[in-house]
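A.B. asks: If it helps, the file is called entry-v3.pdb and holds PDB, C-alpha atoms:
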ATOM      1  CA  MET A   1     103.905 125.349 100.762
ATOM      2  CA  ILE A   2     107.020 123.218 100.769
ATOM      3  CA  PRO A   3     108.681 122.825  97.360
ATOM      4  CA  THR A   4     108.608 119.474  95.570
ATOM      5  CA  PRO A   5     112.103 117.893  95.460
ATOM      6  CA  ASP A   6     114.315 118.777  92.529
ATOM      7  CA  LEU A   7     114.080 115.946  89.993
ATOM      8  CA  SER A   8     115.854 117.736  87.158
ATOM      9  CA  HIS A   9     118.624 115.098  87.111
ATOM     10  CA  LEU A  10     116.103 112.504  85.865
ATOM     11  CA  SER A  11     115.212 112.366  82.164
ATOM     12  CA  THR A  12     112.461 110.773  80.087
ATOM     13  CA  LYS A  13     114.889 107.880  79.579
ATOM     14  CA  ASP A  14     114.942 107.286  83.331
ATOM     15  CA  TYR A  15     111.158 107.383  83.362
ATOM     16  CA  ASP A  16     111.074 104.500  80.870
ATOM     17  CA  LEU A  17     112.462 102.400  83.713
ATOM     18  CA  VAL A  18     111.292 104.155  86.883
ATOM     19  CA  TYR A  19     107.841 105.438  87.803
ATOM     20  CA  GLU A  20     107.611 109.167  87.195
ATOM     21  CA  PRO A  21     106.097 111.140  90.079
ATOM     22  CA  ALA A  22     102.445 111.815  89.324
ATOM     23  CA  GLU A  23      99.238 112.857  91.107
ATOM     24  CA  ASP A  24      99.435 109.960  93.567
ATOM     25  CA  THR A  25     102.996 110.944  94.499
ATOM     26  CA  PHE A  26     102.025 114.575  94.981
ATOM     27  CA  LEU A  27      99.006 113.642  97.085
ATOM     28  CA  LEU A  28     101.316 111.703  99.408
ATOM     29  CA  LEU A  29     103.571 114.778  99.683
ATOM     30  CA  ASP A  30     100.509 116.883 100.515
ATOM     31  CA  GLY A  31      99.428 114.350 103.133
ATOM     32  CA  LEU A  32     102.854 114.454 104.788
ATOM     33  CA  GLU A  33     102.797 118.236 104.717
ATOM     34  CA  ALA A  34      99.352 118.267 106.319
ATOM     35  CA  ASP A  35     100.762 116.099 109.132
ATOM     36  CA  LEU A  36     103.982 118.052 109.442
ATOM     37  CA  ASP A  37     103.598 119.335 112.997
ATOM     38  CA  ALA A  38     102.742 115.924 114.428
ATOM     39  CA  LEU A  39     105.466 114.259 112.374
ATOM     40  CA  LYS A  40     108.096 116.666 113.633
ATOM     41  CA  ALA A  41     106.907 116.444 117.232
ATOM     42  CA  ALA A  42     107.404 112.648 117.196
ATOM     43  CA  GLU A  43     111.141 113.168 116.395
ATOM     44  CA  PRO A  44     111.394 110.205 114.020
ATOM     45  CA  ARG A  45     114.790 108.479 113.884
ATOM     46  CA  ILE A  46     114.068 105.670 111.424
ATOM     47  CA  CYS A  47     112.043 106.261 108.273
ATOM     48  CA  LEU A  48     111.376 103.549 105.729
ATOM     49  CA  GLU A  49     109.847 103.829 102.277
ATOM     50  CA  ILE A  50     108.696 100.727 100.453
ATOM     51  CA  GLY A  51     108.883 101.024  96.661
ATOM     52  CA  SER A  52     110.642 104.382  96.625
ATOM     53  CA  GLY A  53     110.772 104.662  92.801
ATOM     54  CA  SER A  54     112.342 108.024  91.915
ATOM     55  CA  GLY A  55     112.970 108.760  95.612
ATOM     56  CA  CYS A  56     110.806 111.880  95.417
ATOM     57  CA  VAL A  57     108.761 111.136  98.555
ATOM     58  CA  SER A  58     111.650 110.196 100.847
ATOM     59  CA  ALA A  59     113.656 113.199  99.644
ATOM     60  CA  PHE A  60     110.659 115.361 100.550
ATOM     61  CA  LEU A  61     110.298 113.721 103.971
ATOM     62  CA  SER A  62     113.995 114.175 104.636
ATOM     63  CA  LYS A  63     113.762 117.836 103.659
ATOM     64  CA  ILE A  64     110.837 118.531 105.987
ATOM     65  CA  LEU A  65     112.141 116.534 108.973
ATOM     66  CA  GLY A  66     115.781 117.497 108.521
ATOM     67  CA  PRO A  67     118.289 115.298 106.677
ATOM     68  CA  SER A  68     120.476 114.755 109.732
ATOM     69  CA  SER A  69     117.692 113.983 112.192
ATOM     70  CA  ALA A  70     116.746 110.543 110.851
ATOM     71  CA  VAL A  71     117.889 107.721 108.592
ATOM     72  CA  TYR A  72     115.826 107.297 105.410
ATOM     73  CA  ILE A  73     115.928 103.727 104.157
ATOM     74  CA  CYS A  74     114.317 103.168 100.754
ATOM     75  CA  THR A  75     113.609  99.752  99.325
ATOM     76  CA  ASP A  76     112.553  98.938  95.789
ATOM     77  CA  ILE A  77     112.591  95.739  93.739
ATOM     78  CA  ASN A  78     113.635  97.720  90.647
ATOM     79  CA  PRO A  79     117.407  98.390  90.566
ATOM     80  CA  HIS A  80     116.875 101.437  88.345
ATOM     81  CA  ALA A  81     114.632 102.855  91.063
ATOM     82  CA  ASN A  82     117.350 102.261  93.682
ATOM     83  CA  LYS A  83     119.774 104.292  91.584
ATOM     84  CA  ALA A  84     117.232 107.040  90.940
ATOM     85  CA  THR A  85     116.483 107.216  94.675
ATOM     86  CA  ARG A  86     120.114 107.622  95.551
ATOM     87  CA  GLY A  87     120.529 110.299  92.867
ATOM     88  CA  THR A  88     117.425 112.194  93.963
ATOM     89  CA  GLY A  89     118.739 112.285  97.513
ATOM     90  CA  ARG A  90     122.020 113.785  96.425
ATOM     91  CA  GLN A  91     120.354 116.202  94.018
ATOM     92  CA  ASN A  92     118.449 117.518  97.041
ATOM     93  CA  GLN A  93     121.363 117.465  99.524
ATOM     94  CA  VAL A  94     119.921 114.610 101.548
ATOM     95  CA  GLU A  95     121.257 111.089 101.982
ATOM     96  CA  LEU A  96     118.764 108.335 101.165
ATOM     97  CA  ASP A  97     119.850 104.728 101.786
ATOM     98  CA  PRO A  98     118.549 102.542  98.942
ATOM     99  CA  VAL A  99     118.206  98.772  99.311
ATOM    100  CA  ASN A 100     117.241  96.436  96.471
ATOM    101  CA  ALA A 101     114.676  94.320  98.286
ATOM    102  CA  VAL A 102     111.098  93.086  98.429
ATOM    103  CA  PHE A 103     109.206  95.191 101.004
ATOM    104  CA  ALA A 104     111.441  95.297 104.112
ATOM    105  CA  LEU A 105     112.268  91.575 104.136
ATOM    106  CA  PRO A 106     116.019  91.832 104.957
ATOM    107  CA  LEU A 107     115.278  94.559 107.525
ATOM    108  CA  GLN A 108     112.273  92.958 109.214
ATOM    109  CA  GLN A 109     114.303  91.134 111.874
ATOM    110  CA  ARG A 110     116.327  94.160 113.033
ATOM    111  CA  LEU A 111     113.657  96.832 112.596
ATOM    112  CA  ARG A 112     110.987  95.084 114.645
ATOM    113  CA  GLY A 113     109.106  97.750 116.617
ATOM    114  CA  SER A 114     111.573 100.436 115.515
ATOM    115  CA  VAL A 115     110.305 102.287 112.480
ATOM    116  CA  ASP A 116     108.841 105.714 113.173
ATOM    117  CA  VAL A 117     107.586 106.529 109.678
ATOM    118  CA  VAL A 118     106.673 103.966 107.006
ATOM    119  CA  LEU A 119     105.665 105.175 103.543
ATOM    120  CA  PHE A 120     104.114 103.007 100.844
ATOM    121  CA  ASN A 121     102.712 104.168  97.529
ATOM    122  CA  PRO A 122     101.938 100.676  96.248
ATOM    123  CA  PRO A 123     101.028  99.340  92.820
ATOM    124  CA  TYR A 124      97.294  99.921  93.348
ATOM    125  CA  VAL A 125      95.901  99.777  89.813
ATOM    126  CA  PRO A 126      93.519  96.859  89.141
ATOM    127  CA  THR A 127      95.105  94.613  86.482
ATOM    128  CA  SER A 128      95.183  90.916  85.761
ATOM    129  CA  PHE A 129      96.771  88.773  88.457
ATOM    130  CA  GLU A 130      99.376  87.622  85.917
ATOM    131  CA  GLU A 131     100.451  91.163  85.081
ATOM    132  CA  ALA A 132     100.876  92.016  88.761
ATOM    133  CA  GLN A 133     102.827  88.856  89.508
ATOM    134  CA  MET A 134     105.066  89.068  86.463
ATOM    135  CA  SER A 135     105.953  92.715  87.139
ATOM    136  CA  GLN A 136     106.870  91.935  90.717
ATOM    137  CA  ASN A 137     109.001  88.949  89.755
ATOM    138  CA  GLN A 138     110.855  90.929  87.115
ATOM    139  CA  GLY A 139     111.186  94.079  89.214
ATOM    140  CA  ASN A 140     110.316  96.253  86.215
ATOM    141  CA  ILE A 141     108.393  99.518  85.939
ATOM    142  CA  GLY A 142     105.043  97.691  85.675
ATOM    143  CA  GLY A 143     105.644  96.700  89.283
ATOM    144  CA  ALA A 144     105.000 100.342  90.152
ATOM    145  CA  TRP A 145     101.327 100.126  89.250
ATOM    146  CA  ALA A 146     100.076  96.597  88.448
ATOM    147  CA  GLY A 147      98.072  95.557  91.495
ATOM    148  CA  GLY A 148      96.075  92.475  90.474
ATOM    149  CA  TRP A 149      92.291  92.210  90.232
ATOM    150  CA  ASP A 150      91.353  94.636  93.037
ATOM    151  CA  GLY A 151      94.681  96.465  92.948
ATOM    152  CA  MET A 152      95.516  94.954  96.351
ATOM    153  CA  GLU A 153      97.631  91.956  95.359
ATOM    154  CA  VAL A 154     100.915  93.539  96.470
ATOM    155  CA  THR A 155      99.549  95.879  99.156
ATOM    156  CA  ASN A 156      97.870  93.016 101.027
ATOM    157  CA  LYS A 157     101.192  91.246 101.482
ATOM    158  CA  PHE A 158     102.780  94.290 103.046
ATOM    159  CA  LEU A 159      99.739  94.958 105.243
ATOM    160  CA  GLU A 160     100.550  91.616 106.897
ATOM    161  CA  GLN A 161     104.076  92.816 107.753
ATOM    162  CA  VAL A 162     103.848  96.498 108.571
ATOM    163  CA  GLU A 163     102.498  96.346 112.122
ATOM    164  CA  GLU A 164     105.535  94.409 113.281
ATOM    165  CA  LEU A 165     107.822  97.198 112.019
ATOM    166  CA  LEU A 166     106.112 100.151 113.661
ATOM    167  CA  SER A 167     107.601 101.754 116.757
ATOM    168  CA  PRO A 168     105.209 102.665 119.600
ATOM    169  CA  GLN A 169     104.688 106.109 118.083
ATOM    170  CA  GLY A 170     105.130 104.826 114.504
ATOM    171  CA  ARG A 171     103.051 106.138 111.631
ATOM    172  CA  PHE A 172     102.311 104.297 108.401
ATOM    173  CA  TYR A 173     101.177 106.262 105.351
ATOM    174  CA  LEU A 174      99.517 104.311 102.557
ATOM    175  CA  VAL A 175      98.283 105.519  99.171
ATOM    176  CA  ALA A 176      95.059 103.833  98.078
ATOM    177  CA  LEU A 177      92.566 104.040  95.253
ATOM    178  CA  LYS A 178      88.788 104.114  95.804
ATOM    179  CA  GLN A 179      88.480 100.715  94.059
ATOM    180  CA  ASN A 180      90.872  99.225  96.626
ATOM    181  CA  ASN A 181      87.998  99.582  99.149
ATOM    182  CA  VAL A 182      89.465 101.945 101.702
ATOM    183  CA  PRO A 183      86.854 101.286 104.453
ATOM    184  CA  GLU A 184      87.584  97.549 104.236
ATOM    185  CA  ILE A 185      91.363  98.095 104.448
ATOM    186  CA  ARG A 186      90.965 100.301 107.526
ATOM    187  CA  GLN A 187      88.560  97.909 109.254
ATOM    188  CA  ARG A 188      90.820  94.950 108.561
ATOM    189  CA  MET A 189      93.901  96.677 110.002
ATOM    190  CA  GLU A 190      91.889  97.624 113.085
ATOM    191  CA  ASP A 191      90.482  94.105 113.549
ATOM    192  CA  ILE A 192      93.657  92.107 112.942
ATOM    193  CA  PHE A 193      96.437  94.439 114.103
ATOM    194  CA  LYS A 194      94.611  97.024 116.264
ATOM    195  CA  LEU A 195      96.031  99.791 114.097
ATOM    196  CA  HIS A 196      93.879 102.903 114.125
ATOM    197  CA  SER A 197      93.611 104.920 110.965
ATOM    198  CA  GLU A 198      92.490 108.177 109.478
ATOM    199  CA  VAL A 199      92.196 109.490 105.950
ATOM    200  CA  VAL A 200      94.680 112.360 105.919
ATOM    201  CA  ILE A 201      93.689 113.696 102.516
ATOM    202  CA  GLU A 202      91.681 112.553  99.480
ATOM    203  CA  ARG A 203      91.441 113.881  95.949
ATOM    204  CA  ARG A 204      90.153 113.094  92.485
ATOM    205  CA  ALA A 205      92.981 113.082  89.946
ATOM    206  CA  GLY A 206      91.688 112.452  86.435
ATOM    207  CA  ARG A 207      90.181 108.944  86.416
ATOM    208  CA  GLU A 208      91.519 108.078  89.834
ATOM    209  CA  TYR A 209      90.058 108.915  93.234
ATOM    210  CA  LEU A 210      92.952 108.691  95.666
ATOM    211  CA  TYR A 211      93.366 108.524  99.424
ATOM    212  CA  ILE A 212      96.241 108.874 101.856
ATOM    213  CA  ILE A 213      95.564 106.746 104.932
ATOM    214  CA  ARG A 214      97.584 107.108 108.117
ATOM    215  CA  PHE A 215      97.781 104.118 110.490
ATOM    216  CA  THR A 216      98.989 104.372 114.084
ATOM    217  CA  ARG A 217      98.950 102.162 117.175
TER     218      ARG A 217
ATOM    219  CA  MET B   1     125.630 103.240  99.355
ATOM    220  CA  VAL B   2     125.746 100.743 102.087
ATOM    221  CA  ARG B   3     126.531 102.798 105.139
ATOM    222  CA  LEU B   4     127.218 100.984 108.369
ATOM    223  CA  ILE B   5     123.933 102.295 109.769
ATOM    224  CA  THR B   6     122.140 100.310 107.049
ATOM    225  CA  HIS B   7     124.447  97.329 107.392
ATOM    226  CA  ASN B   8     123.615  97.193 111.109
ATOM    227  CA  LEU B   9     119.948  96.736 110.166
ATOM    228  CA  LEU B  10     120.280  94.067 107.465
ATOM    229  CA  ALA B  11     120.027  90.347 108.190
ATOM    230  CA  CYS B  12     120.014  87.300 105.956
ATOM    231  CA  HIS B  13     116.450  86.333 105.081
ATOM    232  CA  VAL B  14     116.981  83.126 103.137
ATOM    233  CA  LYS B  15     114.319  80.543 103.950
ATOM    234  CA  ASN B  16     115.025  78.786 107.266
ATOM    235  CA  CYS B  17     118.141  80.875 107.905
ATOM    236  CA  ASN B  18     116.991  82.226 111.249
ATOM    237  CA  ALA B  19     119.978  81.904 113.574
ATOM    238  CA  ASN B  20     123.442  83.414 113.384
ATOM    239  CA  ASN B  21     122.236  85.277 110.279
ATOM    240  CA  PHE B  22     123.548  88.683 111.450
ATOM    241  CA  PRO B  23     125.734  90.664 110.916
ATOM    242  CA  LEU B  24     126.482  90.018 107.271
ATOM    243  CA  GLU B  25     130.195  89.967 106.598
ATOM    244  CA  PHE B  26     131.673  92.436 104.120
ATOM    245  CA  GLN B  27     133.981  91.017 101.443
ATOM    246  CA  ASN B  28     136.163  92.646  98.764
ATOM    247  CA  VAL B  29     134.937  96.092  99.618
ATOM    248  CA  GLN B  30     135.699  99.456  98.070
ATOM    249  CA  LEU B  31     135.057 102.311 100.463
ATOM    250  CA  GLU B  32     134.213 105.927 100.003
ATOM    251  CA  ILE B  33     134.142 108.513 102.773
ATOM    252  CA  ARG B  34     131.493 111.207 102.427
ATOM    253  CA  GLU B  35     131.033 113.876 105.022
ATOM    254  CA  ALA B  36     127.625 114.119 106.686
ATOM    255  CA  GLU B  37     126.210 116.777 108.957
ATOM    256  CA  PHE B  38     126.847 115.881 112.629
ATOM    257  CA  ASN B  39     123.654 115.782 114.659
ATOM    258  CA  PRO B  40     124.386 114.584 118.219
ATOM    259  CA  GLU B  41     120.666 114.243 118.984
ATOM    260  CA  PHE B  42     120.246 111.785 116.144
ATOM    261  CA  VAL B  43     123.293 109.732 117.131
ATOM    262  CA  LYS B  44     122.085 109.559 120.747
ATOM    263  CA  GLY B  45     118.560 108.722 119.644
ATOM    264  CA  PHE B  46     119.771 105.962 117.347
ATOM    265  CA  LEU B  47     122.119 104.431 119.910
ATOM    266  CA  PRO B  48     119.521 102.093 121.492
ATOM    267  CA  LYS B  49     118.798 100.514 118.074
ATOM    268  CA  ILE B  50     122.427  99.597 117.404
ATOM    269  CA  GLU B  51     123.734  96.049 117.754
ATOM    270  CA  TRP B  52     126.935  97.284 119.326
ATOM    271  CA  LYS B  53     129.268  94.342 118.852
ATOM    272  CA  ALA B  54     128.262  93.956 115.216
ATOM    273  CA  LEU B  55     128.981  97.628 114.568
ATOM    274  CA  VAL B  56     132.350  97.674 116.328
ATOM    275  CA  ASP B  57     133.539  94.445 114.686
ATOM    276  CA  THR B  58     132.438  95.607 111.238
ATOM    277  CA  ALA B  59     134.055  99.029 111.626
ATOM    278  CA  ARG B  60     137.313  97.400 112.688
ATOM    279  CA  GLN B  61     137.172  95.012 109.765
ATOM    280  CA  LEU B  62     136.939  98.085 107.525
ATOM    281  CA  GLY B  63     139.913  99.694 109.284
ATOM    282  CA  ASP B  64     138.168 102.046 111.731
ATOM    283  CA  THR B  65     139.194 101.323 115.310
ATOM    284  CA  SER B  66     137.713 104.422 116.950
ATOM    285  CA  LEU B  67     134.876 102.693 118.809
ATOM    286  CA  PRO B  68     135.310 101.024 122.231
ATOM    287  CA  ASN B  69     134.361  97.388 122.904
ATOM    288  CA  GLU B  70     131.589  98.429 125.228
ATOM    289  CA  GLN B  71     129.191 101.323 124.854
ATOM    290  CA  PRO B  72     130.423 103.997 127.257
ATOM    291  CA  GLU B  73     128.104 105.332 129.932
ATOM    292  CA  MET B  74     129.206 108.907 129.404
ATOM    293  CA  LEU B  75     128.343 110.071 125.905
ATOM    294  CA  ASP B  76     130.917 112.785 125.298
ATOM    295  CA  ASP B  77     131.282 114.672 122.050
ATOM    296  CA  ASP B  78     134.359 112.757 120.912
ATOM    297  CA  PHE B  79     132.573 109.448 121.242
ATOM    298  CA  LEU B  80     129.466 110.744 119.458
ATOM    299  CA  LYS B  81     131.569 112.145 116.623
ATOM    300  CA  ASN B  82     133.384 108.843 116.168
ATOM    301  CA  LEU B  83     130.073 107.005 116.193
ATOM    302  CA  HIS B  84     128.633 109.514 113.708
ATOM    303  CA  HIS B  85     131.566 108.890 111.377
ATOM    304  CA  VAL B  86     131.255 105.100 111.578
ATOM    305  CA  LEU B  87     127.488 105.042 111.105
ATOM    306  CA  LEU B  88     127.023 107.717 108.483
ATOM    307  CA  GLU B  89     130.221 108.614 106.663
ATOM    308  CA  ILE B  90     131.756 105.268 105.645
ATOM    309  CA  HIS B  91     130.135 104.084 102.423
ATOM    310  CA  VAL B  92     130.706 100.646 100.973
ATOM    311  CA  GLU B  93     130.454 101.209  97.228
ATOM    312  CA  GLU B  94     131.431  97.785  95.850
ATOM    313  CA  GLY B  95     131.858  94.295  97.244
ATOM    314  CA  SER B  96     129.463  91.906  98.870
ATOM    315  CA  MET B  97     127.918  90.849 102.171
ATOM    316  CA  VAL B  98     127.993  87.203 103.159
ATOM    317  CA  CYS B  99     125.699  85.506 105.674
ATOM    318  CA  PRO B 100     127.750  83.973 108.518
ATOM    319  CA  ASN B 101     125.290  81.080 108.716
ATOM    320  CA  CYS B 102     124.175  79.982 105.240
ATOM    321  CA  LYS B 103     126.958  81.795 103.304
ATOM    322  CA  HIS B 104     124.496  83.432 100.942
ATOM    323  CA  GLU B 105     126.233  86.301  99.177
ATOM    324  CA  TYR B 106     124.492  89.631  98.698
ATOM    325  CA  PRO B 107     126.346  91.733  96.105
ATOM    326  CA  ILE B 108     126.859  95.494  96.406
ATOM    327  CA  SER B 109     127.156  97.446  93.186
ATOM    328  CA  SER B 110     127.433 101.241  92.865
ATOM    329  CA  GLY B 111     126.638 101.427  96.550
ATOM    330  CA  ILE B 112     123.362  99.528  96.302
ATOM    331  CA  PRO B 113     122.993  96.203  98.113
ATOM    332  CA  ASN B 114     121.098  93.552  96.185
ATOM    333  CA  MET B 115     119.065  91.746  98.848
ATOM    334  CA  LEU B 116     116.716  90.001  96.404
ATOM    335  CA  LEU B 117     116.459  86.234  96.637
ATOM    336  CA  ALA B 118     115.561  83.601  94.062
ATOM    337  CA  GLU B 119     112.106  82.116  94.434
ATOM    338  CA  HIS B 120     113.310  78.883  96.064
ATOM    339  CA  GLU B 121     115.228  80.854  98.708
ATOM    340  CA  ILE B 122     112.247  82.887  99.887
ATOM    341  CA  ALA B 123     110.679  82.058 103.229
TER     342      ALA B 123
END
The structure given in the file should be rewritten as structure tokens.
C.D. replies:
Amino acid sequence: MIPTPDLSHLSTKDYDLVYEPAEDTFLLLDGLEADLDALKAAEPRICLEIGSGSGCVSAFLSKILGPSSAVYICTDINPHANKATRGTGRQNQVELDPVNAVFALPLQQRLRGSVDVVLFNPPYVPTSFEEAQMSQNQGNIGGAWAGGWDGMEVTNKFLEQVEELLSPQGRFYLVALKQNNVPEIRQRMEDIFKLHSEVVIERRAGREYLYIIRFTR
Amino acid sequence: MVRLITHNLLACHVKNCNANNFPLEFQNVQLEIREAEFNPEFVKGFLPKIEWKALVDTARQLGDTSLPNEQPEMLDDDFLKNLHHVLLEIHVEEGSMVCPNCKHEYPISSGIPNMLLAEHEIA
């Protein structure tokens, strides 16, 4: 059992502005831990988290892979999340590189075929389209969960871009909700991008039934 | 922080700005040096991903002249340590990055680069 990163530097005030790690976050940590041997064996050099929020997941990944063995780039549209990510890295003696950006847009050109680990815990909660769009445009905390009518409004955009980023041995971990239609997501990624996938771990957490899906070439 | 490892991976992504959009040029920077653990395996492993000229020119612009014009064939410890320092220990805390092509300015505040674009600038 690998300890959860130390988040004691963040307060309830921070969590008014930045998504507080919850069951979905912890399931992603458990999924990474379940894959630890394979992850380590691949010797990742470039790791990228989309929507890093508090930075909890990338700090965990850095801890388990070794802070000096890879670069951990963390994007988020919410500037408060960028700051929290940086702080969480330092609180845990790892260096996370935060970038205020939509997905990996400013990195897409240079990281083509280069990213060894991509992490994305997207806004997957079904909401109105307007709520999802407004949260994304404003880069506020609602952007951490509001996912449009099937919860896939934001995720679908990134699913169009992720294959291009992955290195030959690259792995993409995605958090999804049952209502997001996991079999359809997996089939679509196989059909369009020839990315194979597996459910690493699944769990009911209160009202939500959550999955961690791993995609590879 | 914007470390040079990150800077070497960022390009301008304004709509239709597809050529000569890398590397972004630092302006009015404040630097901070923070020590990082030296891992020669990482530096060697990352080497193929580096745009060498962009890294060397940027480091020199920031006052670090330790890297040679061409990547050496022999990767000795001195070279790897210099490269480690340039990539991982120089932090740009304040300033901005300007696209050499369209001149779009990306501000850096408290070490975080703001790469967001307005709606009309998005491809």
A.B. asks: Please find the residues of chain A near chain B - the criterion being any atom within 9 Å, counting all atoms listed in the file - and write them as an mmCIF file with C-alpha atoms, in the coordinates of the input.
C.D. replies:
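So the final result, stored in part30.cif, reads:
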data_model
loop_
_atom_site.group_PDB
_atom_site.id
_atom_site.type_symbol
_atom_site.label_atom_id
_atom_site.label_comp_id
_atom_site.auth_asym_id
_atom_site.auth_seq_id
_atom_site.Cartn_x
_atom_site.Cartn_y
_atom_site.Cartn_z
ATOM 1 C CA ARG A 45 114.790 108.479 113.884
ATOM 2 C CA ILE A 46 114.068 105.670 111.424
ATOM 3 C CA PRO A 67 118.289 115.298 106.677
ATOM 4 C CA SER A 68 120.476 114.755 109.732
ATOM 5 C CA SER A 69 117.692 113.983 112.192
ATOM 6 C CA ALA A 70 116.746 110.543 110.851
ATOM 7 C CA VAL A 71 117.889 107.721 108.592
ATOM 8 C CA ILE A 73 115.928 103.727 104.157
ATOM 9 C CA ILE A 77 112.591 95.739 93.739
ATOM 10 C CA PRO A 79 117.407 98.390 90.566
ATOM 11 C CA ASN A 82 117.350 102.261 93.682
ATOM 12 C CA LYS A 83 119.774 104.292 91.584
ATOM 13 C CA ARG A 86 120.114 107.622 95.551
ATOM 14 C CA GLU A 95 121.257 111.089 101.982
ATOM 15 C CA LEU A 96 118.764 108.335 101.165
ATOM 16 C CA ASP A 97 119.850 104.728 101.786
ATOM 17 C CA PRO A 98 118.549 102.542 98.942
ATOM 18 C CA VAL A 99 118.206 98.772 99.311
ATOM 19 C CA ASN A 100 117.241 96.436 96.471
ATOM 20 C CA ALA A 101 114.676 94.320 98.286
ATOM 21 C CA VAL A 102 111.098 93.086 98.429
ATOM 22 C CA LEU A 105 112.268 91.575 104.136
ATOM 23 C CA PRO A 106 116.019 91.832 104.957
ATOM 24 C CA LEU A 107 115.278 94.559 107.525
ATOM 25 C CA GLN A 108 112.273 92.958 109.214
ATOM 26 C CA GLN A 109 114.303 91.134 111.874
ATOM 27 C CA ARG A 110 116.327 94.160 113.033
ATOM 28 C CA LEU A 111 113.657 96.832 112.596
ATOM 29 C CA SER A 114 111.573 100.436 115.515
ATOM 30 C CA ASN A 137 109.001 88.949 89.755
#
A.B. asks: Would you please work out which residue, of B:Leu80, B:Leu4, B:Leu67, B:Val98, is nearest to Leu31 of chain B when using all atoms listed in the file?
C.D. replies: B:Leu4
A.B. asks: Evaluate the PyMOL selection byres ((chain B and resi 20) around 9) against this structure - the residues, as a list in words, please.
C.D. replies: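 Evaluating the PyMOL selection byres ((chain B and resi 20) around 9) on these coordinates yields Cys17, Asn18, Ala19, Asn21, Phe22, Pro23, Cys99, Pro100, Asn101 and Cys102 of chain B.
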A.B. asks: Would you mind reading off the distance between atom CA of Cys56 of chain A and atom CA of Leu36 of chain A, one decimal, in Å?
C.D. replies: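 Straight-line distance from atom CA of Cys56 of chain A to atom CA of Leu36 of chain A works out to 16.8 Å.
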A.B. asks: Written as an MDAnalysis selection string, what is the full residue list that the PyMOL selection byres ((chain B and resi 66) around 12) yields on the file shown?
C.D. replies: chainID B and resid 55:65 67:70 78:87
A.B. asks: Separation of atom CA of Ser197 of chain A and atom CA of Arg217 of chain A, in Å?
C.D. replies: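 Taking atom CA of Ser197 of chain A and atom CA of Arg217 of chain A, their separation equals 8.6 Å.
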A.B. asks: What is the distance, in Å and to one decimal place, between atom CA of Leu47 of chain B and atom CA of Leu65 of chain A?
C.D. replies: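 We find that atom CA of Leu47 of chain B and atom CA of Leu65 of chain A lie 19.1 Å from each other.
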A.B. asks: On this structure, the PyMOL selection byres ((chain A and resi 32) around 12) would catch which residues? List them as a PyMOL selection string, sorted by chain and number.
C.D. replies: chain A and resi 1-2+4+25-31+33-40+57-58+60-65+117-119+171-175+199-201+212-214
A.B. asks: Since the input has fewer atoms than a full residue there, write segment 34-42 of chain B out with N, CA, C and O atoms, as a compact mmCIF listing (two decimals), in the coordinates of the input.
C.D. replies:
# COMPACT_ATOMS: atom_id res chain seq x y z
N ARG B 34 132.25 109.99 102.78
CA ARG B 34 131.49 111.21 102.43
C ARG B 34 131.04 111.89 103.71
O ARG B 34 130.40 111.25 104.55
N GLU B 35 131.37 113.15 103.81
CA GLU B 35 131.03 113.88 105.02
C GLU B 35 129.52 114.01 105.17
O GLU B 35 128.80 114.19 104.19
N ALA B 36 129.05 113.91 106.41
CA ALA B 36 127.62 114.12 106.69
C ALA B 36 127.50 115.07 107.87
O ALA B 36 128.39 115.11 108.73
N GLU B 37 126.42 115.80 107.88
CA GLU B 37 126.21 116.78 108.96
C GLU B 37 126.08 116.06 110.30
O GLU B 37 125.31 115.10 110.43
N PHE B 38 126.85 116.51 111.31
CA PHE B 38 126.85 115.88 112.63
C PHE B 38 125.65 116.38 113.43
O PHE B 38 125.48 117.57 113.65
N ASN B 39 124.82 115.44 113.84
CA ASN B 39 123.65 115.78 114.66
C ASN B 39 123.68 114.90 115.91
O ASN B 39 123.24 113.75 115.88
N PRO B 40 124.23 115.42 117.02
CA PRO B 40 124.39 114.58 118.22
C PRO B 40 123.05 114.02 118.71
O PRO B 40 123.02 112.89 119.23
N GLU B 41 121.97 114.75 118.52
CA GLU B 41 120.67 114.24 118.98
C GLU B 41 120.27 112.98 118.22
O GLU B 41 119.72 112.04 118.78
N PHE B 42 120.56 112.99 116.92
CA PHE B 42 120.25 111.78 116.14
C PHE B 42 121.10 110.60 116.60
O PHE B 42 120.59 109.50 116.82
